[in-house]
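**Q** Provided below: work.pdb, containing PDB, C-alpha atoms and all ligand atoms.
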ATOM      1  CA  MET A   1      -6.031  -4.998  43.487
ATOM      2  CA  ASN A   2      -4.695  -7.406  40.805
ATOM      3  CA  TRP A   3      -1.070  -8.445  40.998
ATOM      4  CA  VAL A   4       1.014  -9.631  38.070
ATOM      5  CA  ILE A   5       4.131 -11.534  39.043
ATOM      6  CA  PHE A   6       6.971 -11.959  36.552
ATOM      7  CA  ILE A   7       9.366 -14.817  37.217
ATOM      8  CA  LYS A   8      12.697 -14.503  35.411
ATOM      9  CA  THR A   9      13.785 -17.891  34.101
ATOM     10  CA  LYS A  10      16.733 -18.994  32.009
ATOM     11  CA  PRO A  11      15.815 -19.227  28.292
ATOM     12  CA  THR A  12      15.005 -22.829  27.447
ATOM     13  CA  THR A  13      17.535 -24.430  25.145
ATOM     14  CA  LYS A  14      16.231 -26.771  22.482
ATOM     15  CA  LEU A  15      17.027 -30.444  22.916
ATOM     16  CA  ILE A  16      19.990 -31.245  20.742
ATOM     17  CA  ASN A  17      20.491 -34.782  19.480
ATOM     18  CA  THR A  18      24.245 -35.126  19.847
ATOM     19  CA  SER A  19      26.664 -37.950  19.241
ATOM     20  CA  PHE A  20      30.413 -38.385  19.682
ATOM     21  CA  SER A  21      33.130 -39.732  17.446
ATOM     22  CA  ALA A  22      36.908 -39.970  17.437
ATOM     23  CA  PHE A  23      38.577 -36.813  16.113
ATOM     24  CA  THR A  24      41.024 -37.862  13.391
ATOM     25  CA  VAL A  25      43.283 -36.078  10.910
ATOM     26  CA  LYS A  26      40.574 -36.101   8.225
ATOM     27  CA  ASP A  27      38.446 -33.803  10.441
ATOM     28  CA  ILE A  28      41.105 -31.109  10.853
ATOM     29  CA  ASN A  29      39.915 -28.774   8.078
ATOM     30  CA  ARG A  30      36.400 -28.571   9.477
ATOM     31  CA  VAL A  31      37.721 -28.188  13.036
ATOM     32  CA  LEU A  32      40.089 -25.388  11.960
ATOM     33  CA  GLU A  33      37.070 -23.315  10.851
ATOM     34  CA  ILE A  34      35.621 -23.515  14.369
ATOM     35  CA  GLU A  35      39.034 -22.989  15.987
ATOM     36  CA  HIS A  36      39.499 -19.713  14.062
ATOM     37  CA  LEU A  37      36.017 -18.492  14.983
ATOM     38  CA  ALA A  38      36.418 -19.356  18.668
ATOM     39  CA  TYR A  39      39.969 -18.246  19.542
ATOM     40  CA  ASP A  40      41.998 -15.051  19.107
ATOM     41  CA  SER A  41      45.121 -17.245  19.055
ATOM     42  CA  PRO A  42      43.975 -20.425  17.287
ATOM     43  CA  TRP A  43      45.979 -23.630  17.008
ATOM     44  CA  SER A  44      47.669 -24.127  13.646
ATOM     45  CA  GLU A  45      47.013 -27.081  11.362
ATOM     46  CA  THR A  46      50.446 -28.450  12.370
ATOM     47  CA  GLN A  47      49.518 -28.360  16.056
ATOM     48  CA  PHE A  48      46.389 -30.421  15.332
ATOM     49  CA  VAL A  49      48.279 -32.887  13.117
ATOM     50  CA  ASP A  50      51.072 -33.335  15.682
ATOM     51  CA  SER A  51      48.573 -33.829  18.504
ATOM     52  CA  LEU A  52      46.423 -36.325  16.656
ATOM     53  CA  ASN A  53      49.478 -38.355  15.656
ATOM     54  CA  ASN A  54      50.587 -38.648  19.285
ATOM     55  CA  PRO A  55      49.526 -42.069  20.669
ATOM     56  CA  GLN A  56      48.991 -40.536  24.132
ATOM     57  CA  ILE A  57      46.288 -38.229  22.773
ATOM     58  CA  LEU A  58      42.583 -38.827  23.235
ATOM     59  CA  ALA A  59      40.514 -36.618  20.916
ATOM     60  CA  SER A  60      36.753 -36.503  20.416
ATOM     61  CA  LEU A  61      34.196 -34.634  18.351
ATOM     62  CA  ILE A  62      30.684 -33.724  19.435
ATOM     63  CA  LEU A  63      28.310 -33.874  16.487
ATOM     64  CA  GLU A  64      24.750 -33.099  15.500
ATOM     65  CA  GLY A  65      24.177 -35.435  12.586
ATOM     66  CA  GLU A  66      27.233 -34.935  10.392
ATOM     67  CA  GLN A  67      27.896 -31.416  11.668
ATOM     68  CA  ILE A  68      30.829 -30.875  14.037
ATOM     69  CA  LEU A  69      29.706 -28.755  16.995
ATOM     70  CA  GLY A  70      32.921 -28.975  19.006
ATOM     71  CA  TYR A  71      36.020 -30.961  19.886
ATOM     72  CA  GLY A  72      38.229 -31.859  22.797
ATOM     73  CA  ILE A  73      41.859 -32.981  22.957
ATOM     74  CA  VAL A  74      43.449 -34.566  26.016
ATOM     75  CA  LEU A  75      47.061 -35.652  26.552
ATOM     76  CA  ARG A  76      47.371 -38.685  28.826
ATOM     77  CA  ALA A  77      50.218 -39.399  31.195
ATOM     78  CA  ILE A  78      50.042 -42.466  33.457
ATOM     79  CA  ASP A  79      47.263 -41.573  35.872
ATOM     80  CA  SER A  80      46.727 -37.919  34.951
ATOM     81  CA  ALA A  81      45.820 -35.998  31.818
ATOM     82  CA  ASP A  82      46.112 -32.452  30.436
ATOM     83  CA  LEU A  83      43.105 -31.014  28.672
ATOM     84  CA  LEU A  84      44.877 -29.300  25.765
ATOM     85  CA  ASN A  85      41.870 -27.934  23.905
ATOM     86  CA  ILE A  86      38.117 -27.964  24.319
ATOM     87  CA  CYS A  87      36.021 -25.849  22.018
ATOM     88  CA  ILE A  88      32.387 -25.450  21.006
ATOM     89  CA  HIS A  89      31.337 -23.527  17.879
ATOM     90  CA  PRO A  90      30.590 -19.936  19.005
ATOM     91  CA  ASP A  91      27.005 -20.168  17.637
ATOM     92  CA  ARG A  92      26.386 -23.234  19.814
ATOM     93  CA  GLN A  93      27.980 -22.199  23.098
ATOM     94  CA  GLN A  94      26.033 -22.042  26.376
ATOM     95  CA  GLN A  95      23.711 -24.880  25.357
ATOM     96  CA  GLY A  96      25.290 -27.525  27.593
ATOM     97  CA  LEU A  97      27.447 -28.991  24.803
ATOM     98  CA  GLY A  98      30.782 -28.242  26.498
ATOM     99  CA  ILE A  99      29.691 -30.168  29.597
ATOM    100  CA  GLN A 100      28.472 -33.090  27.440
ATOM    101  CA  LEU A 101      31.796 -33.214  25.600
ATOM    102  CA  PHE A 102      33.833 -32.929  28.791
ATOM    103  CA  ASN A 103      31.814 -35.745  30.417
ATOM    104  CA  HIS A 104      32.378 -37.920  27.351
ATOM    105  CA  LEU A 105      36.159 -37.354  27.550
ATOM    106  CA  THR A 106      36.134 -37.988  31.299
ATOM    107  CA  GLN A 107      34.333 -41.319  30.903
ATOM    108  CA  GLN A 108      37.038 -42.489  28.501
ATOM    109  CA  LEU A 109      39.823 -41.269  30.811
ATOM    110  CA  LYS A 110      38.339 -43.158  33.761
ATOM    111  CA  ILE A 111      38.399 -46.378  31.734
ATOM    112  CA  LEU A 112      42.106 -45.684  31.132
ATOM    113  CA  SER A 113      42.632 -45.308  34.932
ATOM    114  CA  VAL A 114      43.250 -41.558  34.779
ATOM    115  CA  ASP A 115      42.227 -39.954  38.061
ATOM    116  CA  THR A 116      43.274 -36.300  37.699
ATOM    117  CA  ILE A 117      42.822 -33.725  34.938
ATOM    118  CA  PHE A 118      44.863 -30.518  34.651
ATOM    119  CA  ILE A 119      44.276 -27.488  32.476
ATOM    120  CA  GLU A 120      45.934 -24.120  31.888
ATOM    121  CA  VAL A 121      43.554 -21.239  31.154
ATOM    122  CA  ARG A 122      44.184 -17.648  30.158
ATOM    123  CA  MET A 123      43.374 -15.270  33.009
ATOM    124  CA  SER A 124      41.211 -13.275  30.565
ATOM    125  CA  ASN A 125      39.101 -16.273  29.458
ATOM    126  CA  GLU A 126      36.238 -15.646  31.863
ATOM    127  CA  SER A 127      33.704 -17.964  30.209
ATOM    128  CA  ALA A 128      36.202 -20.855  30.293
ATOM    129  CA  LEU A 129      37.047 -20.138  33.945
ATOM    130  CA  LEU A 130      33.315 -20.234  34.801
ATOM    131  CA  PHE A 131      32.934 -23.419  32.763
ATOM    132  CA  TYR A 132      35.753 -25.177  34.661
ATOM    133  CA  GLN A 133      34.444 -23.870  37.979
ATOM    134  CA  LYS A 134      31.063 -25.409  37.164
ATOM    135  CA  LEU A 135      32.824 -28.727  36.408
ATOM    136  CA  GLY A 136      34.480 -28.664  39.838
ATOM    137  CA  PHE A 137      38.041 -27.688  38.853
ATOM    138  CA  ARG A 138      40.086 -25.954  41.572
ATOM    139  CA  SER A 139      42.910 -23.472  41.058
ATOM    140  CA  ILE A 140      46.330 -24.791  42.092
ATOM    141  CA  GLY A 141      48.449 -21.842  40.963
ATOM    142  CA  ASN A 142      49.433 -19.494  38.170
ATOM    143  CA  ARG A 143      52.078 -19.600  35.434
ATOM    144  CA  LYS A 144      53.522 -16.152  34.836
ATOM    145  CA  LYS A 145      53.707 -14.936  31.207
ATOM    146  CA  TYR A 146      52.777 -18.416  29.974
ATOM    147  CA  TYR A 147      51.261 -17.350  26.643
ATOM    148  CA  SER A 148      52.995 -15.745  23.643
ATOM    149  CA  ASN A 149      51.340 -12.394  24.462
ATOM    150  CA  LEU A 150      52.867 -12.750  27.979
ATOM    151  CA  GLU A 151      49.473 -13.318  29.577
ATOM    152  CA  ASP A 152      49.487 -15.382  32.779
ATOM    153  CA  ALA A 153      47.828 -18.808  32.915
ATOM    154  CA  LYS A 154      45.758 -20.187  35.749
ATOM    155  CA  ILE A 155      46.422 -23.877  36.446
ATOM    156  CA  LEU A 156      43.329 -25.866  37.386
ATOM    157  CA  ARG A 157      42.977 -29.404  38.668
ATOM    158  CA  LEU A 158      40.063 -31.848  38.901
ATOM    159  CA  GLN A 159      40.004 -35.220  40.652
ATOM    160  CA  ILE A 160      37.763 -37.561  38.641
ATOM    161  CA  SER A 161      37.868 -40.672  40.824
TER     162      SER A 161
HETATM  163  C1  LIG B 201      34.569 -22.943  27.355
HETATM  164  C2  LIG B 201      33.546 -23.607  26.422
HETATM  165  C3  LIG B 201      34.149 -24.890  25.870
HETATM  166  C4  LIG B 201      32.274 -23.926  27.230
HETATM  167  O1  LIG B 201      31.393 -24.649  26.382
HETATM  168  P1  LIG B 201      29.814 -24.357  26.395
HETATM  169  O2  LIG B 201      29.148 -25.396  25.587
HETATM  170  O3  LIG B 201      29.574 -22.952  25.993
HETATM  171  O4  LIG B 201      29.475 -24.529  27.936
HETATM  172  P2  LIG B 201      28.150 -25.149  28.585
HETATM  173  O5  LIG B 201      26.955 -24.632  27.882
HETATM  174  O6  LIG B 201      28.307 -26.626  28.685
HETATM  175  O7  LIG B 201      28.226 -24.444  30.015
HETATM  176  C5  LIG B 201      28.384 -25.138  31.209
HETATM  177  C6  LIG B 201      28.556 -24.144  32.333
HETATM  178  O8  LIG B 201      29.743 -23.360  32.146
HETATM  179  C7  LIG B 201      29.510 -22.008  32.555
HETATM  180  N1  LIG B 201      29.630 -21.158  31.368
HETATM  181  C8  LIG B 201      29.968 -21.549  30.129
HETATM  182  N2  LIG B 201      30.032 -20.482  29.290
HETATM  183  C9  LIG B 201      29.719 -19.413  30.037
HETATM  184  C10 LIG B 201      29.620 -18.010  29.753
HETATM  185  N3  LIG B 201      29.869 -17.512  28.531
HETATM  186  N4  LIG B 201      29.278 -17.175  30.759
HETATM  187  C11 LIG B 201      29.026 -17.645  31.986
HETATM  188  N5  LIG B 201      29.100 -18.965  32.335
HETATM  189  C12 LIG B 201      29.453 -19.826  31.368
HETATM  190  C13 LIG B 201      28.126 -21.979  33.148
HETATM  191  O9  LIG B 201      28.250 -22.233  34.544
HETATM  192  C14 LIG B 201      27.436 -23.134  32.458
HETATM  193  O10 LIG B 201      26.418 -23.704  33.243
HETATM  194  P3  LIG B 201      24.913 -23.117  33.160
HETATM  195  O11 LIG B 201      24.520 -23.192  31.724
HETATM  196  O12 LIG B 201      24.146 -24.048  34.036
HETATM  197  O13 LIG B 201      24.977 -21.721  33.668
HETATM  198  C15 LIG B 201      33.141 -22.648  25.272
HETATM  199  O14 LIG B 201      32.783 -21.403  25.846
HETATM  200  C16 LIG B 201      34.193 -22.439  24.227
HETATM  201  O15 LIG B 201      34.332 -23.216  23.292
HETATM  202  N6  LIG B 201      34.971 -21.328  24.336
HETATM  203  C17 LIG B 201      35.980 -20.978  23.329
HETATM  204  C18 LIG B 201      37.177 -21.894  23.413
HETATM  205  C19 LIG B 201      37.789 -21.864  24.795
HETATM  206  O16 LIG B 201      38.053 -20.802  25.364
HETATM  207  N7  LIG B 201      38.057 -23.079  25.325
HETATM  208  C20 LIG B 201      38.684 -23.241  26.623
HETATM  209  C21 LIG B 201      40.141 -23.122  26.508
HETATM  210  S1  LIG B 201      40.925 -23.213  28.087
END
As structure tokens, please, write out the structure in this file.

**A**
Amino acid sequence: MNWVIFIKTKPTTKLINTSFSAFTVKDINRVLEIEHLAYDSPWSETQFVDSLNNPQILASLILEGEQILGYGIVLRAIDSADLLNICIHPDRQQQGLGIQLFNHLTQQLKILSVDTIFIEVRMSNESALLFYQKLGFRSIGNRKKYYSNLEDAKILRLQIS
């Protein structure tokens, strides 16, 4: 008898030649397009402008050539930081780009002596919760009715040193 064995493997993702750059006010229009595609409750232009003008903010873009694939915004305190926004274009999610971007931000935070990162996530944002779980974040509690639609937030914490 002949046997045929099928092995189910994850689809291979093409190698993407990415680079990183600082996210500045001149990038906001292009970022807003992604923000509106990726979120039901997107940040406004004013929220981006206010964040980027804050000297405690660290903000990076992940690029393929000139094309913005995603962005991350972190607010630094003394030895901790809050990840305020991390987003990958919906067409380019689940290709490892979010991890690349997060690692890039983390490297910069370590240089600035930050040792802990916090994030609040909507309870309904399952893909983000799985993403943070993969990165090693641990839940440290919930914030009741944290969002404008009264949805609860999960507070996550990651030690990076
Ligand atoms: C959350 C987000 C940034 C993740 O970025 P990404 O590039 O898609 O994630 P990656 O490809 O780097 O995934 C890394 C890991 O996260 C987990 N993950 C990410 N997206 C997932 C999904 N949709 N379903 C299941 N697991 C997922 C997996 O464990 C994955 O590892 P694997 O590929 O080995 O299985 C992206 O989904 C996004 O931009 N979402 C919209 C904006 C958002 O909700 N941001 C977070 C706000 S708190």

**Q** Kindly compile the residues surrounding ligand LIG 201 (chain B) within 10 Å, counting only C-alpha atoms and all ligand atoms, and format them as a PyMOL selection string.

**A** chain A and resi 10+13+34-40+42+69-72+83-103+119-135+153-154+156

**Q** Out of A:Val31, A:Leu63, A:Leu75, A:Ile111, which residue has the shortest atom-to-atom distance to Ser51 of chain A when counting all atoms listed in the file?

**A**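 With all atoms listed in the file as the atom set, the closest residue is A:Leu75.
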
**Q** State, in Å with one decimal place, the distance from atom CA of Leu158 of chain A to atom CA of Ala22 of chain A.

**A**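 So the two atoms, atom CA of Leu158 of chain A and atom CA of Ala22 of chain A, lie 23.2 Å apart.
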
**Q** Just the residues within 9 Å of Ala77 of chain A, please, counting only C-alpha atoms, with nothing from its chain fewer than 3 positions along; format it as a list in words.

**A**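 So the residues in contact are Gln56, Ser80, Ala81, Asp82 and Val114 of chain A.
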
**Q** One number please: atom CA of Ser113 of chain A to atom CA of Phe137 of chain A, in Å, one decimal.

**A**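 Taking atom CA of Ser113 of chain A as the start and atom CA of Phe137 of chain A as the end point, the length is 18.6 Å.
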
**Q** Around all of segment 49-55 of chain A's listed atoms, make the axis-aligned box with 5 Å on each side and tell me centre and edge lengths in Å to one decimal, as lines of an AutoDock Vina configuration file.

**A**
center_x = 48.7
center_y = -37.5
center_z = 16.9
size_x = 14.6
size_y = 19.2
size_z = 17.6

**Q** Between A:Leu150, A:Ile155, A:Ile78, A:Ile28, single out the one closest to Trp43 of chain A, counting all atoms listed in the file.

**A**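 So, comparing all the options, the nearest one is A:Ile28.
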
**Q** Could you give me, as number ranges by chain, the residues within 10 Å of Glu64 of chain A, counting all atoms listed in the file and dropping anything in the same chain fewer than 5 positions from it?

**A** A: 16-20, 69-70

**Q** On this file, the PyMOL selection byres (((chain A and resi 59) around 6) and not hetatm) gives some set of residues; write that set as a list in words.

**A**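 Against this file, the PyMOL selection byres (((chain A and resi 59) around 6) and not hetatm) returns the residues Phe23, Leu58, Ser60, Gly72 and Ile73 of chain A.
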
**Q** Restricting it to C-alpha atoms, dump the selection as a compact mmCIF listing (two decimals), keeping the file's coordinate frame.

**A**
# COMPACT_ATOMS: atom_id res chain seq x y z
CA PHE A 23 38.58 -36.81 16.11
CA LEU A 58 42.58 -38.83 23.24
CA SER A 60 36.75 -36.50 20.42
CA GLY A 72 38.23 -31.86 22.80
CA ILE A 73 41.86 -32.98 22.96

**Q** I want to know what sits within 10 Å of Val49 of chain A, based on only C-alpha atoms, with residues of the same chain fewer than 6 positions away left out; could you give that as a PDB file with C-alpha atoms, keeping the file's coordinate frame?

**A**
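Ended up saving to out_20.pdb:
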ATOM      1  CA  THR A  24      41.024 -37.862  13.391  1.00  0.00           C
ATOM      2  CA  VAL A  25      43.283 -36.078  10.910  1.00  0.00           C
ATOM      3  CA  LYS A  26      40.574 -36.101   8.225  1.00  0.00           C
ATOM      4  CA  ILE A  28      41.105 -31.109  10.853  1.00  0.00           C
TER       5      ILE A  28
END

**Q** Any idea what the distance is between atom CA of Leu61 of chain A and atom CA of Leu32 of chain A?

**A**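 Between atom CA of Leu61 of chain A and atom CA of Leu32 of chain A the gap works out to 12.7 Å.
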